[in-house]
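First the structure, in the form of C-alpha coordinates, and then the observations on it.
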Amino acid sequence: MPATHKPARQPQSFRPQPWPQPWKDRRIEVVLGNLLRAGVLISAAVVLWGASIYLFRHADEPANYRVFKGEPSEFRTIPGVVRSVISGQGRGWIQLGLLLLIATPIARVASSIVGFALERDRLYVAFTLTVFVILLYSLLGSGLGV
(Lines give C-alpha, C1' and ligand atoms only; values in the text may rest on other atoms or scores of the structure.)
Protein backbone atom coordinates (compact mmCIF):
# COMPACT_ATOMS: atom_id res chain seq x y z
CA MET A 1 0.00 0.00 0.00
CA PRO A 2 1.47 3.32 -0.93
CA ALA A 3 1.90 5.83 1.82
CA THR A 4 -0.33 8.82 1.51
CA HIS A 5 1.24 12.18 1.93
CA LYS A 6 -0.53 14.87 3.84
CA PRO A 7 -0.19 18.36 2.52
CA ALA A 8 2.20 20.48 4.52
CA ARG A 9 0.57 22.84 6.98
CA GLN A 10 0.73 26.41 5.96
CA PRO A 11 2.33 28.58 8.62
CA GLN A 12 -0.16 30.97 10.08
CA SER A 13 0.87 34.46 10.88
CA PHE A 14 0.83 35.44 14.51
CA ARG A 15 -1.85 37.98 15.25
CA PRO A 16 -1.72 39.25 18.82
CA GLN A 17 -5.10 39.56 20.45
CA PRO A 18 -6.12 42.99 21.61
CA TRP A 19 -5.80 43.44 25.32
CA PRO A 20 -7.94 43.10 27.27
CA GLN A 21 -9.54 40.23 25.45
CA PRO A 22 -13.32 40.27 25.33
CA TRP A 23 -15.10 38.29 28.00
CA LYS A 24 -16.40 35.10 26.49
CA ASP A 25 -17.90 32.02 28.07
CA ARG A 26 -14.64 30.05 27.96
CA ARG A 27 -12.62 32.87 29.54
CA ILE A 28 -15.19 33.26 32.32
CA GLU A 29 -15.12 29.50 32.96
CA VAL A 30 -11.32 29.57 33.25
CA VAL A 31 -11.33 32.55 35.62
CA LEU A 32 -14.06 31.03 37.80
CA GLY A 33 -12.34 27.65 37.84
CA ASN A 34 -9.09 29.25 38.96
CA LEU A 35 -10.98 31.20 41.62
CA LEU A 36 -12.53 28.02 43.02
CA ARG A 37 -9.22 26.17 42.91
CA ALA A 38 -7.39 28.98 44.68
CA GLY A 39 -10.11 29.30 47.32
CA VAL A 40 -10.02 25.61 48.15
CA LEU A 41 -6.22 25.48 48.27
CA ILE A 42 -5.94 28.58 50.45
CA SER A 43 -8.60 27.34 52.85
CA ALA A 44 -6.92 23.93 53.05
CA ALA A 45 -3.59 25.58 53.82
CA VAL A 46 -5.17 27.72 56.56
CA VAL A 47 -6.89 24.67 58.11
CA LEU A 48 -3.63 22.71 57.97
CA TRP A 49 -1.77 25.60 59.63
CA GLY A 50 -4.42 25.77 62.37
CA ALA A 51 -4.37 22.02 62.88
CA SER A 52 -0.60 22.02 63.26
CA ILE A 53 -0.79 24.84 65.84
CA TYR A 54 -3.56 23.03 67.69
CA LEU A 55 -1.76 19.68 67.71
CA PHE A 56 1.52 21.27 68.76
CA ARG A 57 -0.15 22.87 71.80
CA HIS A 58 -2.63 20.11 72.74
CA ALA A 59 -0.99 16.86 71.62
CA ASP A 60 -0.44 15.58 75.14
CA GLU A 61 -3.99 16.22 76.39
CA PRO A 62 -6.12 13.10 76.76
CA ALA A 63 -9.37 12.99 74.79
CA ASN A 64 -12.59 12.62 76.78
CA TYR A 65 -15.26 11.11 74.54
CA ARG A 66 -17.84 10.64 77.31
CA VAL A 67 -18.74 14.31 77.51
CA PHE A 68 -19.70 16.28 74.43
CA LYS A 69 -18.33 19.80 74.37
CA GLY A 70 -19.83 22.09 71.76
CA GLU A 71 -17.95 24.81 69.97
CA PRO A 72 -17.09 27.72 72.27
CA SER A 73 -19.16 30.83 71.63
CA GLU A 74 -16.12 32.80 70.49
CA PHE A 75 -15.93 30.63 67.35
CA ARG A 76 -19.57 31.19 66.37
CA THR A 77 -19.11 34.73 65.04
CA ILE A 78 -16.72 36.17 62.49
CA PRO A 79 -15.30 38.78 64.89
CA GLY A 80 -14.72 36.02 67.46
CA VAL A 81 -12.85 33.93 64.89
CA VAL A 82 -10.72 36.93 63.89
CA ARG A 83 -9.87 37.64 67.56
CA SER A 84 -8.84 34.03 68.10
CA VAL A 85 -6.67 34.09 64.97
CA ILE A 86 -4.96 37.29 66.13
CA SER A 87 -4.29 35.67 69.50
CA GLY A 88 -2.74 32.67 67.71
CA GLN A 89 -5.23 29.96 68.65
CA GLY A 90 -5.15 26.90 66.42
CA ARG A 91 -8.91 26.41 66.58
CA GLY A 92 -9.38 29.98 65.37
CA TRP A 93 -7.19 29.30 62.33
CA ILE A 94 -9.18 26.13 61.60
CA GLN A 95 -12.44 28.10 61.80
CA LEU A 96 -10.98 30.80 59.53
CA GLY A 97 -10.09 28.14 56.96
CA LEU A 98 -13.63 26.81 57.07
CA LEU A 99 -15.01 30.33 56.65
CA LEU A 100 -12.77 30.79 53.61
CA LEU A 101 -14.06 27.50 52.22
CA ILE A 102 -17.64 28.70 52.66
CA ALA A 103 -16.78 32.06 51.09
CA THR A 104 -15.26 30.47 47.97
CA PRO A 105 -18.54 29.63 46.15
CA ILE A 106 -19.97 32.98 47.22
CA ALA A 107 -16.98 34.70 45.58
CA ARG A 108 -17.64 32.57 42.49
CA VAL A 109 -21.21 33.80 42.29
CA ALA A 110 -20.08 37.41 42.76
CA SER A 111 -17.47 36.98 40.02
CA SER A 112 -20.12 35.46 37.76
CA ILE A 113 -22.21 38.59 38.18
CA VAL A 114 -19.25 40.68 37.00
CA GLY A 115 -18.54 38.33 34.09
CA PHE A 116 -22.12 38.31 32.88
CA ALA A 117 -22.29 42.08 33.23
CA LEU A 118 -19.17 42.45 31.09
CA GLU A 119 -20.80 40.19 28.50
CA ARG A 120 -23.91 42.41 28.73
CA ASP A 121 -26.06 39.36 29.44
CA ARG A 122 -28.82 40.94 31.52
CA LEU A 123 -30.84 37.78 32.00
CA TYR A 124 -27.95 35.88 33.58
CA VAL A 125 -26.99 38.93 35.66
CA ALA A 126 -30.52 38.93 37.07
CA PHE A 127 -30.49 35.18 37.79
CA THR A 128 -27.04 35.32 39.37
CA LEU A 129 -27.95 38.36 41.47
CA THR A 130 -30.97 36.43 42.76
CA VAL A 131 -28.76 33.49 43.72
CA PHE A 132 -26.27 35.88 45.36
CA VAL A 133 -28.99 37.57 47.43
CA ILE A 134 -30.34 34.18 48.54
CA LEU A 135 -26.83 33.04 49.54
CA LEU A 136 -26.17 36.20 51.52
CA TYR A 137 -29.56 36.04 53.21
CA SER A 138 -29.05 32.40 54.18
CA LEU A 139 -25.68 33.25 55.75
CA LEU A 140 -26.37 36.65 57.27
CA GLY A 141 -30.15 36.84 57.50
CA SER A 142 -30.48 34.82 60.67
CA GLY A 143 -28.16 37.19 62.48
CA LEU A 144 -30.04 40.26 61.30
CA GLY A 145 -33.30 39.27 62.95
CA VAL A 146 -35.10 39.30 59.59
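Labels for the C-alpha coordinates follow display order: chains A, B, ..., residues from 1 in each chain, ligands from 1.
Within the 7 Å cut-off around range 42-50 of chain A, using only C-alpha atoms and omitting residues fewer than 3 positions from it on the same chain, the listed residues are Ala38, Gly39, Ile53, Tyr54, Gly90, Arg91, Trp93, Ile94, Gly97, Leu98, Leu100 and Leu101 of chain A.
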Query raised in the report: Nearest to Glu29 in chain A among A:Leu129, A:Val109, A:Val82, A:Ala59, with distances taken over only C-alpha atoms: which residue is it?
Result: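 Of A:Leu129, A:Val109, A:Val82, A:Ala59, the one nearest Glu29 in chain A is A:Val109, counting only C-alpha atoms.
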Taking only residues of range 89-138 of chain A that have an atom at most 10 Å from an atom of range 31-37 of chain A, what is each one's shortest atom pair and its distance in Å to one decimal, using only C-alpha atoms, in chain and number order, as CSV?
residue,atom,partner,partner_atom,distance
A:Leu101,CA,A:Leu36,CA,9.3
A:Ala103,CA,A:Leu36,CA,10.0
A:Thr104,CA,A:Leu36,CA,6.2
A:Pro105,CA,A:Leu36,CA,7.0
A:Ile106,CA,A:Leu36,CA,9.9
A:Ala107,CA,A:Leu35,CA,8.0
A:Arg108,CA,A:Leu32,CA,6.1
A:Val109,CA,A:Leu32,CA,8.9
A:Ser111,CA,A:Leu32,CA,7.2
A:Ser112,CA,A:Leu32,CA,7.5
A:Gly115,CA,A:Leu32,CA,9.3
Report task. State, in Å with one decimal place, the distance from CA of Leu96 in chain A to CA of Pro72 in chain A. Result ->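 Computing it gives 14.5 Å between the two atoms.
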Requested in this report: Between CA of Tyr137 in chain A and CA of Pro79 in chain A, measure the distance and give it in Å to one decimal.
Outcome: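 Going from CA of Tyr137 in chain A over to CA of Pro79 in chain A covers 18.6 Å.
A straight line drawn from CA of Ala126 in chain A to CA of Ile113 in chain A is 8.4 Å long.
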Requested in this report: Using backbone DSSP assignments, extract all helix (DSSP H, G or I) residues from range 31-75 of chain A; output them as an NGL selection string.
Outcome: :A and (31-58 or 73-75)
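Here the question is which of A:Gly80, A:Glu74, A:Gln89, A:Lys69 gets nearest to Arg57 in chain A using only C-alpha atoms, and that residue is A:Gln89.
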Query raised in the report: Nearest to Gln95 in chain A: which of A:His58, A:Thr77, A:Ser138, A:Val133 is it, counting only C-alpha atoms?
Result: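 Nearest to Gln95 in chain A: A:Thr77.
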Query raised in the report: Looking at only C-alpha atoms, which of A:Ala117, A:Ile86, A:Leu123, A:Gly92 is the one that sits closest to Glu71 in chain A?
Result: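 Ranked by minimum distance to Glu71 in chain A, first place goes to A:Gly92.
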